[in-house]
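Text of structure10.csv, listed as CSV, C-alpha atoms and all ligand atoms:
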chain,number,residue,atom,x,y,z
Q,1,ARG,CA,29.8,31.3,19.4
Q,2,ALA,CA,28.4,29.9,16.1
Q,3,LYS,CA,25.4,32.1,16.1
Q,4,GLN,CA,27.4,35.3,16.4
Q,5,ALA,CA,30.2,34.2,14.1
Q,6,GLY,CA,27.7,33.1,11.4
Q,7,LYS,CA,25.8,36.3,11.7
Q,8,ASN,CA,22.7,36.4,9.4
Q,9,GLY,CA,23.5,33.0,7.8
Q,10,ALA,CA,23.4,31.1,11.1
Q,11,GLN,CA,20.3,33.0,12.2
Q,12,LEU,CA,18.5,32.1,9.0
Q,13,PHE,CA,19.5,28.5,9.4
Q,14,ASP,CA,18.3,28.5,13.0
Q,15,GLN,CA,15.1,30.1,11.8
Q,16,SER,CA,14.3,27.6,9.1
Q,17,MET,CA,15.3,24.6,11.3
Q,18,HIS,CA,12.9,26.0,13.9
Q,19,GLU,CA,10.2,26.3,11.3
Q,20,SER,CA,10.6,22.7,10.1
Q,21,VAL,CA,10.6,21.4,13.6
Q,22,VAL,CA,7.4,23.4,14.4
Q,23,ARG,CA,5.8,22.1,11.2
Q,24,ARG,CA,6.6,18.6,12.1
Q,25,LEU,CA,5.3,18.9,15.6
Q,26,THR,CA,2.2,20.5,14.3
Q,27,THR,CA,1.6,17.7,11.8
Q,28,GLU,CA,2.3,15.2,14.6
Q,29,ARG,CA,-0.2,16.8,17.0
Q,30,GLU,CA,-2.8,17.1,14.2
Q,31,LEU,CA,-2.3,13.5,13.1
Q,32,ARG,CA,-2.8,12.4,16.7
Q,33,GLU,CA,-6.2,14.1,16.7
Q,34,ALA,CA,-6.9,12.7,13.2
Q,35,VAL,CA,-6.3,9.1,14.3
Q,36,ALA,CA,-8.3,9.6,17.5
Q,37,GLY,CA,-11.0,11.6,15.8
Q,38,ASP,CA,-12.7,10.8,12.6
Q,39,GLN,CA,-10.4,12.2,9.9
Q,40,LEU,CA,-8.8,9.1,8.4
Q,41,ARG,CA,-10.4,7.5,5.3
Q,42,LEU,CA,-9.7,4.5,3.2
Q,43,HIS,CA,-9.8,4.6,-0.5
Q,44,TYR,CA,-9.9,1.3,-2.5
Q,45,GLN,CA,-8.2,0.6,-5.8
Q,46,PRO,CA,-9.4,-2.5,-7.7
Q,47,VAL,CA,-7.1,-5.4,-8.5
Q,48,ILE,CA,-8.0,-6.7,-12.0
Q,49,CYS,CA,-7.7,-10.1,-13.5
Q,50,LEU,CA,-6.1,-9.3,-16.9
Q,51,ASP,CA,-7.6,-12.5,-18.4
Q,52,ASP,CA,-11.3,-11.4,-18.2
Q,53,GLY,CA,-11.2,-7.8,-16.8
Q,54,SER,CA,-12.9,-8.8,-13.6
Q,55,CYS,CA,-12.2,-7.2,-10.2
Q,56,THR,CA,-10.7,-9.8,-7.8
Q,57,GLY,CA,-10.3,-7.4,-4.9
Q,58,PHE,CA,-8.9,-4.1,-3.7
Q,59,GLU,CA,-5.9,-2.5,-2.1
Q,60,ALA,CA,-6.8,-0.2,0.8
Q,61,LEU,CA,-4.9,3.2,0.6
Q,62,VAL,CA,-5.2,5.6,3.6
Q,63,ARG,CA,-6.1,9.2,3.2
Q,64,TRP,CA,-6.4,12.0,5.8
Q,65,GLN,CA,-9.3,14.4,5.5
Q,66,HIS,CA,-7.6,17.4,7.1
Q,67,PRO,CA,-10.0,20.0,8.4
Q,68,VAL,CA,-8.0,22.9,6.8
Q,69,ARG,CA,-5.6,21.3,4.3
Q,70,GLY,CA,-8.1,19.1,2.6
Q,71,LEU,CA,-7.5,15.5,1.5
Q,72,LEU,CA,-3.9,14.4,2.2
Q,73,PHE,CA,-2.1,11.5,0.7
Q,74,PRO,CA,0.2,9.0,2.5
Q,75,GLY,CA,3.3,10.7,1.2
Q,76,ASP,CA,2.3,13.7,3.4
Q,77,PHE,CA,2.0,11.9,6.7
Q,78,ILE,CA,3.1,8.3,6.8
Q,79,GLY,CA,6.7,9.4,7.5
Q,80,VAL,CA,5.6,11.5,10.4
Q,81,ALA,CA,3.4,8.7,11.7
Q,82,GLU,CA,6.4,6.3,11.5
Q,83,ALA,CA,8.9,8.7,13.2
Q,84,SER,CA,6.5,9.6,16.0
Q,85,GLY,CA,5.2,6.2,16.8
Q,86,LEU,CA,1.7,7.1,15.7
Q,87,ILE,CA,2.0,4.4,13.0
Q,88,GLY,CA,0.8,1.8,15.5
Q,89,ALA,CA,-2.5,3.5,16.1
Q,90,LEU,CA,-2.9,4.5,12.4
Q,91,GLY,CA,-2.1,1.0,11.2
Q,92,ALA,CA,-4.5,-0.5,13.7
Q,93,TRP,CA,-7.3,1.8,12.4
Q,94,VAL,CA,-6.6,0.9,8.8
Q,95,LEU,CA,-6.7,-2.8,9.6
Q,96,GLN,CA,-10.0,-2.4,11.6
Q,97,GLU,CA,-11.7,-0.3,9.0
Q,98,GLY,CA,-10.4,-2.5,6.1
Q,99,ALA,CA,-11.6,-5.7,7.8
Q,100,ARG,CA,-15.0,-4.1,8.5
Q,101,GLN,CA,-15.4,-3.1,4.9
Q,102,LEU,CA,-14.2,-6.5,3.6
Q,103,ARG,CA,-16.7,-8.4,5.9
Q,104,GLU,CA,-19.4,-6.1,4.6
Q,105,TRP,CA,-18.5,-6.9,1.0
Q,106,ARG,CA,-18.1,-10.6,1.5
Q,107,ALA,CA,-21.4,-10.9,3.3
Q,108,ARG,CA,-23.0,-10.3,-0.2
Q,109,PRO,CA,-22.9,-13.6,-2.1
Q,110,GLU,CA,-22.0,-11.8,-5.4
Q,111,LEU,CA,-19.0,-10.1,-3.7
Q,112,ALA,CA,-17.9,-13.1,-1.6
Q,113,HIS,CA,-14.8,-13.6,-3.8
Q,114,LEU,CA,-13.3,-10.2,-3.0
Q,115,SER,CA,-9.9,-9.8,-1.3
Q,116,LEU,CA,-8.5,-6.8,0.4
Q,117,ALA,CA,-4.8,-5.9,0.7
Q,118,VAL,CA,-3.6,-3.6,3.5
Q,119,ASN,CA,-0.2,-1.9,3.5
Q,120,VAL,CA,1.8,-2.3,6.7
Q,121,SER,CA,4.9,-0.5,7.9
Q,122,GLY,CA,7.9,-2.2,9.6
Q,123,LYS,CA,7.3,-0.6,13.0
Q,124,GLN,CA,3.7,-2.0,12.9
Q,125,LEU,CA,5.2,-5.5,12.6
Q,126,LEU,CA,7.2,-5.2,15.8
Q,127,ALA,CA,5.7,-5.5,19.3
Q,128,PRO,CA,3.9,-2.2,19.6
Q,129,ALA,CA,3.3,-0.2,22.8
Q,130,GLN,CA,-0.5,-0.7,22.8
Q,131,PRO,CA,-2.0,-4.1,23.1
Q,132,ASP,CA,-4.8,-3.3,20.7
Q,133,GLU,CA,-2.2,-2.5,18.0
Q,134,ARG,CA,-0.8,-6.0,18.0
Q,135,LEU,CA,-1.0,-7.4,14.5
Q,136,LEU,CA,-0.7,-11.0,15.7
Q,137,ALA,CA,-3.8,-10.7,17.9
Q,138,PHE,CA,-5.9,-9.2,15.1
Q,139,ASP,CA,-8.9,-11.3,14.0
Q,140,PHE,CA,-8.1,-11.5,10.2
Q,141,PRO,CA,-11.2,-12.2,8.1
Q,142,PRO,CA,-10.8,-14.5,5.1
Q,143,GLY,CA,-9.6,-12.5,2.1
Q,144,LEU,CA,-7.5,-10.0,4.1
Q,145,GLU,CA,-3.9,-9.7,2.9
Q,146,LEU,CA,-0.9,-7.7,4.0
Q,147,GLU,CA,1.6,-5.8,1.8
Q,148,VAL,CA,5.1,-5.1,3.0
Q,149,THR,CA,8.0,-3.5,1.2
Q,150,GLU,CA,11.6,-4.8,1.0
Q,151,SER,CA,12.8,-1.8,3.0
Q,152,THR,CA,10.4,-2.8,5.7
Q,153,LEU,CA,12.1,-6.2,5.9
Q,154,ILE,CA,15.6,-4.8,5.8
Q,155,ASP,CA,15.1,-1.9,8.2
Q,156,THR,CA,13.4,-4.2,10.8
Q,157,PRO,CA,15.0,-7.6,10.6
Q,158,GLU,CA,12.9,-8.7,13.6
Q,159,ALA,CA,9.9,-8.3,11.4
Q,160,GLY,CA,10.7,-11.6,9.8
Q,161,ALA,CA,9.6,-13.7,12.8
Q,162,HIS,CA,6.3,-11.7,12.9
Q,163,LEU,CA,5.8,-12.3,9.2
Q,164,ARG,CA,6.3,-16.0,9.6
Q,165,ALA,CA,3.8,-16.1,12.5
Q,166,LEU,CA,1.3,-14.2,10.4
Q,167,ALA,CA,1.8,-16.5,7.4
Q,168,GLN,CA,1.3,-19.5,9.8
Q,169,LEU,CA,-2.0,-17.9,10.8
Q,170,GLY,CA,-2.9,-18.1,7.1
Q,171,VAL,CA,-2.6,-14.4,6.3
Q,172,PRO,CA,-1.4,-14.0,2.7
Q,173,LEU,CA,1.7,-11.7,2.3
Q,174,SER,CA,2.6,-9.6,-0.7
Q,175,LEU,CA,6.0,-7.9,-1.5
Q,176,ASP,CA,5.2,-4.4,-2.6
Q,177,ASP,CA,7.2,-2.3,-5.1
Q,178,PHE,CA,9.0,-5.5,-6.2
Q,179,GLY,CA,12.2,-4.9,-8.1
Q,180,THR,CA,13.0,-1.4,-6.8
Q,181,GLY,CA,15.1,-2.5,-3.8
Q,182,TYR,CA,18.6,-3.9,-3.7
Q,183,ALA,CA,17.6,-7.3,-2.4
Q,184,SER,CA,14.2,-8.2,-3.8
Q,185,LEU,CA,15.2,-11.8,-4.5
Q,186,ALA,CA,16.7,-12.2,-1.1
Q,187,ALA,CA,13.5,-11.0,0.5
Q,188,VAL,CA,11.5,-13.5,-1.6
Q,189,GLN,CA,13.9,-16.3,-0.5
Q,190,ARG,CA,13.7,-15.5,3.2
Q,191,HIS,CA,10.1,-14.5,3.8
Q,192,PRO,CA,6.8,-16.4,3.2
Q,193,ILE,CA,5.7,-14.2,0.3
Q,194,GLY,CA,2.8,-15.3,-1.9
Q,195,THR,CA,2.5,-12.3,-4.2
Q,196,LEU,CA,4.9,-10.0,-6.0
Q,197,LYS,CA,3.7,-6.5,-6.8
Q,198,LEU,CA,5.7,-5.5,-9.8
Q,199,ASP,CA,6.7,-1.9,-9.3
Q,200,ARG,CA,5.3,0.8,-11.6
Q,201,SER,CA,8.8,1.6,-12.9
Q,202,PHE,CA,8.9,-1.7,-14.7
Q,203,VAL,CA,5.5,-1.3,-16.2
Q,204,ALA,CA,6.0,2.3,-17.4
Q,205,PRO,CA,8.4,1.6,-20.3
Q,206,LEU,CA,6.1,-1.1,-21.8
Q,207,PRO,CA,5.3,-2.1,-24.6
Q,208,ALA,CA,8.4,-0.5,-26.1
Q,209,GLY,CA,11.8,-1.3,-24.6
Q,210,LYS,CA,13.3,-4.7,-25.5
Q,211,ARG,CA,15.4,-4.9,-22.3
Q,212,GLN,CA,12.4,-3.8,-20.1
Q,213,ARG,CA,10.2,-6.5,-21.7
Q,214,ALA,CA,13.0,-9.1,-21.0
Q,215,ILE,CA,13.2,-8.0,-17.3
Q,216,VAL,CA,9.4,-8.3,-16.8
Q,217,ALA,CA,9.4,-11.7,-18.7
Q,218,SER,CA,12.1,-12.9,-16.3
Q,219,VAL,CA,10.2,-11.8,-13.2
Q,220,LEU,CA,7.1,-13.6,-14.5
Q,221,THR,CA,9.1,-16.8,-15.2
Q,222,LEU,CA,10.7,-16.6,-11.7
Q,223,ALA,CA,7.3,-16.1,-10.1
Q,224,ALA,CA,5.8,-19.1,-12.0
Q,225,HIS,CA,8.6,-21.3,-10.8
Q,226,LEU,CA,8.1,-20.2,-7.2
Q,227,ASP,CA,4.3,-20.4,-7.5
Q,228,LEU,CA,3.9,-16.7,-6.8
Q,229,ARG,CA,1.1,-14.5,-8.0
Q,230,VAL,CA,2.2,-11.3,-9.8
Q,231,ILE,CA,0.2,-8.1,-9.7
Q,232,ALA,CA,1.5,-5.3,-12.0
Q,233,GLU,CA,1.3,-1.9,-10.4
Q,234,GLY,CA,0.5,1.4,-12.0
Q,235,LEU,CA,-1.0,0.4,-15.3
Q,236,GLU,CA,-1.9,3.6,-17.1
Q,237,THR,CA,-2.5,2.6,-20.8
Q,238,PRO,CA,-4.3,-0.2,-22.7
Q,239,GLU,CA,-1.0,-0.8,-24.5
Q,240,GLN,CA,0.7,-1.6,-21.2
Q,241,VAL,CA,-2.2,-3.9,-20.2
Q,242,ALA,CA,-1.9,-5.8,-23.6
Q,243,ALA,CA,1.9,-6.1,-23.3
Q,244,LEU,CA,1.7,-7.5,-19.8
Q,245,ARG,CA,-1.1,-9.9,-20.7
Q,246,ASP,CA,1.0,-11.1,-23.7
Q,247,LEU,CA,3.9,-11.7,-21.3
Q,248,GLY,CA,1.7,-13.9,-19.2
Q,249,CYS,CA,1.0,-11.5,-16.3
Q,250,ARG,CA,-2.5,-12.3,-14.9
Q,251,HIS,CA,-3.2,-9.4,-12.5
Q,252,GLY,CA,-2.9,-5.6,-12.5
Q,253,GLN,CA,-3.8,-2.4,-10.9
Q,254,GLY,CA,-3.7,1.1,-12.2
Q,255,TYR,CA,-5.5,4.3,-13.3
Q,256,VAL,CA,-6.3,2.7,-16.7
Q,257,PHE,CA,-8.8,0.6,-14.8
Q,258,CYS,CA,-9.7,2.7,-11.8
Q,259,ARG,CA,-8.1,5.2,-9.4
Q,260,PRO,CA,-8.4,4.5,-5.6
Q,261,VAL,CA,-12.0,5.5,-4.7
Q,262,PRO,CA,-14.2,5.6,-1.6
Q,263,ALA,CA,-16.0,2.4,-0.6
Q,264,GLY,CA,-19.3,3.2,-2.4
Q,265,GLU,CA,-17.6,3.6,-5.8
Q,266,ALA,CA,-15.5,0.6,-5.2
Q,267,THR,CA,-18.6,-1.5,-4.5
Q,268,ALA,CA,-20.1,-0.3,-7.8
Q,269,TYR,CA,-16.9,-1.1,-9.7
Q,270,ALA,CA,-16.8,-4.6,-8.3
Q,271,LEU,CA,-20.5,-5.2,-9.2
Q,272,ALA,CA,-19.9,-4.0,-12.7
Q,273,HIS,CA,-16.8,-6.2,-13.1
Q,274,LEU,CA,-17.8,-9.6,-11.7
Q,275,PRO,CA,-15.8,-12.7,-12.6
Q,276,GLY,CA,-17.1,-14.8,-15.4
Q,277,ARG,CA,-18.2,-11.9,-17.5
Q,278,ARG,CA,-16.1,-10.3,-20.2
Q,279,PRO,CA,-16.2,-6.5,-20.0
Q,280,ASP,CA,-13.5,-4.9,-22.0
Q,281,ALA,CA,-10.3,-4.4,-20.0
L,301,LIG,P1,1.8,1.5,-2.7
L,301,LIG,O1,1.3,0.5,-1.7
L,301,LIG,O2,2.8,1.0,-3.7
L,301,LIG,O3,0.5,2.0,-3.5
L,301,LIG,C1,0.4,2.3,-4.8
L,301,LIG,C2,0.4,3.8,-5.0
L,301,LIG,O4,0.4,4.1,-6.4
L,301,LIG,C3,-0.8,4.5,-4.4
L,301,LIG,O5,-0.4,5.8,-4.0
L,301,LIG,C4,-1.7,4.6,-5.6
L,301,LIG,O6,-2.7,5.6,-5.5
L,301,LIG,C5,-0.8,4.9,-6.7
L,301,LIG,N1,-1.3,4.4,-8.0
L,301,LIG,C6,-2.2,3.5,-8.3
L,301,LIG,N2,-2.3,3.3,-9.7
L,301,LIG,C7,-1.5,4.2,-10.3
L,301,LIG,C8,-1.2,4.5,-11.6
L,301,LIG,O7,-1.7,3.9,-12.6
L,301,LIG,N3,-0.3,5.5,-11.9
L,301,LIG,C9,0.3,6.1,-10.8
L,301,LIG,N4,1.2,7.1,-11.1
L,301,LIG,N5,0.1,5.8,-9.5
L,301,LIG,C10,-0.8,4.9,-9.2
L,301,LIG,P2,-0.8,6.5,-2.6
L,301,LIG,O8,-2.2,6.1,-2.3
L,301,LIG,O9,-0.4,7.9,-2.6
L,301,LIG,O10,0.1,5.6,-1.6
L,301,LIG,C11,1.5,5.8,-1.6
L,301,LIG,C12,2.1,4.7,-0.7
L,301,LIG,O11,1.8,5.0,0.7
L,301,LIG,C13,1.7,3.3,-0.9
L,301,LIG,O12,2.4,2.8,-2.0
L,301,LIG,C14,2.0,2.7,0.4
L,301,LIG,O13,3.4,2.3,0.4
L,301,LIG,C15,1.8,3.8,1.4
L,301,LIG,N6,0.5,3.6,2.1
L,301,LIG,C16,-0.8,3.8,1.6
L,301,LIG,N7,-1.7,3.4,2.5
L,301,LIG,C17,-1.0,3.0,3.6
L,301,LIG,C18,-1.4,2.5,4.9
L,301,LIG,O14,-2.6,2.3,5.2
L,301,LIG,N8,-0.4,2.1,5.8
L,301,LIG,C19,0.9,2.3,5.4
L,301,LIG,N9,1.8,1.9,6.3
L,301,LIG,N10,1.3,2.7,4.2
L,301,LIG,C20,0.4,3.1,3.3
L,302,MG,MG,0.8,-1.4,-1.6
L,303,MG,MG,3.5,-0.6,-4.6
L,304,MG,MG,4.8,2.2,-3.8
Give the structure from this file in C-alpha cells form.
Amino acid sequence: RAKQAGKNGAQLFDQSMHESVVRRLTTERELREAVAGDQLRLHYQPVICLDDGSCTGFEALVRWQHPVRGLLFPGDFIGVAEASGLIGALGAWVLQEGARQLREWRARPELAHLSLAVNVSGKQLLAPAQPDERLLAFDFPPGLELEVTESTLIDTPEAGAHLRALAQLGVPLSLDDFGTGYASLAAVQRHPIGTLKLDRSFVAPLPAGKRQRAIVASVLTLAAHLDLRVIAEGLETPEQVAALRDLGCRHGQGYVFCRPVPAGEATAYALAHLPGRRPDA
C-alpha cells in the first residue's frame, strides 16, 4: 500500500496534509463564530477627487479581529469563506454594516455627498442558501456601490443576470482590479459597469515608463468614450498622483492619501477634505 511503500515520505505527506486540513477546518469554525459573534470590522479607505483633493467617498474593506491572532486581513480568510459557503453570511454582514455607516454619514448635511463601495464575491451574487443573504432583496441606500472583479464574472457566469438586476435597481457597479485579467474589455462590454478601478500594477510604474503611461492613457481614453469613471488604485507617491492627474484621471485611492481606517478616523478625514476646498493632495 502507498503508505508502506513510501515509508517516511508518505507519512510526512499524510501528516502535512492532515495539518493543513485541520488548520482549514479550524479557521472555518472560528470564522463561523466570528461572523455570528462580534469579530468582524470594516475599515474605510477614502476615494479622492484628484482635481481638488476632496474625499468623495470610501471603499469598505473587511477585517477580522481574531481573539488570539489579532487583526486579520481579507487575504487570510476570504478564500476560506468562499470555499466553505460562509461568504454569504460574511458578505451580508459587510453590506449591513456598510449601509448602516453610510446612512449615518449621509444623515449629516456636510457628509451627504459621500459614497461607499462594498466588495462582493461571485458566490454572493448567486442565489444564496439563506433568504437574508439575498443581494437583490437588500435595501440599498443612496450612495452604496458594489465592486466586482473580472474573475467573479468569469467564474460565475450566472452572476451576469444578477448584476443586470442590481443595475436596474440603480446600484452602481465597479470593475475592480481593472486590467489584470484576461478579458477586462469583454467584461466591460457585457456587464453594466459604471466605474473602472485601475489596478495598482498600472499605477506603480508611473511616472517613468513610456509604455506604461501609454497604457494608462489608453484606458482613460476608452473610459471617456464609454462614459465610465476611473479610480486609480494603490497611489503611494505624490509623483504618481501628479502623473495620473496630468493624464486626465480624476479619482484615486492609496496610502499617499490615507490607509484604510476605522469609521471614526474616516469621518475625520472626510470632514477635513470636503469638496470645494483646496487642501494639498
Ligand atoms: P481590493 O478591493 O482591490 O482592495 C484594495 C486593496 O489594496 C486593499 O487590501 C487595500 O488595503 C490595499 N491598498 C489600498 N491602498 C494601497 C496602496 O497605496 N498600496 C498598496 N500596496 N495597497 C493598497 P485589503 O484590505 O487587504 O483587501 C484585499 C482584497 O480583499 C480586496 O482587494 C478585495 O478584493 C478583498 N476584500 C476586502 N474586503 C472584502 C469584503 O468585504 N468582501 C469581499 N468579498 N472581498 C473583500
Ligand atoms: Mg475593491
Ligand atoms: Mg482593487
Ligand atoms: Mg485587489
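For the pair CA of Tyr44 (chain Q) and atom N4 of ligand LIG 301 (chain L), the separation is 15.2 Å.
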Return as JSON, numbers by chain every polymer residue, whether protein, DNA or RNA, with at least one atom no more than 12 Å from an atom of ligand MG 302 (chain L); count only C-alpha atoms and all ligand atoms. {"Q": [44, 45, 46, 47, 58, 59, 60, 61, 62, 74, 116, 117, 118, 119, 120, 121, 145, 146, 147, 148, 149, 150, 173, 174, 175, 176, 177, 178, 195, 196, 197, 198, 199, 200, 231, 232, 233, 234, 253, 254, 260]}
Counting all atoms listed in the file, write as a list in words all protein and nucleic acid residues lying at most 7 Å from (-9.7, 14.4, 10.0) in the file's frame. Ala34, Gly37, Asp38, Gln39, Leu40, Trp64, Gln65, His66 and Pro67 of chain Q
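Here the question is which of Q:Ala186, Q:Leu71, Q:Leu166, Q:Leu42 gets nearest to Gly98 (chain Q) using only C-alpha atoms, and that residue is Q:Leu42.
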For ligand MG 303 (chain L), which residue out of Q:Pro205, Q:Gly91, Q:Gly276, Q:Gly181 is the nearest one, using all atoms listed in the file? Q:Gly181
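Of note, CA of Asp227 (chain Q) and atom C13 of ligand LIG 301 (chain L) are spaced 24.7 Å apart.
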Please measure the separation of CA of Ala89 (chain Q) and CA of Ala161 (chain Q), giving the value in Å to one decimal.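 Distance reported for this atom pair: 21.3 Å.
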My list of candidates is Q:Gly170, Q:Ser201, Q:Ile154, Q:Arg63. Which is closest to ligand MG 304 (chain L) when distances are computed with all atoms listed in the file? Q:Ser201
Counting all atoms listed in the file, the option among Q:Leu125, Q:Ala183, Q:Leu222, Q:Val171 closest to Phe140 (chain Q): Q:Val171
Between Q:Gln124, Q:Gln101, Q:Gln130, Q:Thr56, which one has atoms that come closest to ligand LIG 301 (chain L), using only C-alpha atoms and all ligand atoms?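 Ranked by minimum distance to ligand LIG 301 (chain L), first place goes to Q:Gln124.
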If I put a ball of radius 9 Å at (-9.7, -1.3, -15.3) in the file's coordinates, which residues poke into it when counting all atoms listed in the file, written as a PyMOL selection string? chain Q and resi 46-48+50+53-55+235+252-259+273+280-281
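If you measure from each of Q:Phe202, Q:Leu86, Q:Ala268, Q:Leu226 to ligand MG 303 (chain L) using only C-alpha atoms and all ligand atoms, the closest one turns out to be Q:Phe202.
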Just want the 9 Å neighbourhood of Gln240 (chain Q), counted on only C-alpha atoms, with same-chain residues fewer than 3 positions away dropped. Output as a short mmCIF file (atom, residue, chain, number, x, y, z; two decimals) with C-alpha atoms, in the frame of the given file.
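out-v1.cif written:
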data_model
loop_
_atom_site.label_atom_id
_atom_site.label_comp_id
_atom_site.auth_asym_id
_atom_site.auth_seq_id
_atom_site.Cartn_x
_atom_site.Cartn_y
_atom_site.Cartn_z
CA VAL Q 203 5.50 -1.30 -16.20
CA ALA Q 204 6.00 2.30 -17.40
CA PRO Q 205 8.40 1.60 -20.30
CA LEU Q 206 6.10 -1.10 -21.80
CA PRO Q 207 5.30 -2.10 -24.60
CA LEU Q 235 -1.00 0.40 -15.30
CA GLU Q 236 -1.90 3.60 -17.10
CA THR Q 237 -2.50 2.60 -20.80
CA ALA Q 243 1.90 -6.10 -23.30
CA LEU Q 244 1.70 -7.50 -19.80
CA ARG Q 245 -1.10 -9.90 -20.70
#
Just want the 12 Å neighbourhood of Ala36 (chain Q), counted on only C-alpha atoms, with same-chain residues fewer than 4 positions away dropped. Output as a ChimeraX atom specification. /Q:29-32,40,86,89-90,92-93
Keeping only C-alpha atoms, write the selected residues to a file as an mmCIF file, in the frame of the given file.
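Result went into part39.cif, see below:
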data_model
loop_
_atom_site.group_PDB
_atom_site.id
_atom_site.type_symbol
_atom_site.label_atom_id
_atom_site.label_comp_id
_atom_site.auth_asym_id
_atom_site.auth_seq_id
_atom_site.Cartn_x
_atom_site.Cartn_y
_atom_site.Cartn_z
ATOM 1 C CA ARG Q 29 -0.200 16.800 17.000
ATOM 2 C CA GLU Q 30 -2.800 17.100 14.200
ATOM 3 C CA LEU Q 31 -2.300 13.500 13.100
ATOM 4 C CA ARG Q 32 -2.800 12.400 16.700
ATOM 5 C CA LEU Q 40 -8.800 9.100 8.400
ATOM 6 C CA LEU Q 86 1.700 7.100 15.700
ATOM 7 C CA ALA Q 89 -2.500 3.500 16.100
ATOM 8 C CA LEU Q 90 -2.900 4.500 12.400
ATOM 9 C CA ALA Q 92 -4.500 -0.500 13.700
ATOM 10 C CA TRP Q 93 -7.300 1.800 12.400
#
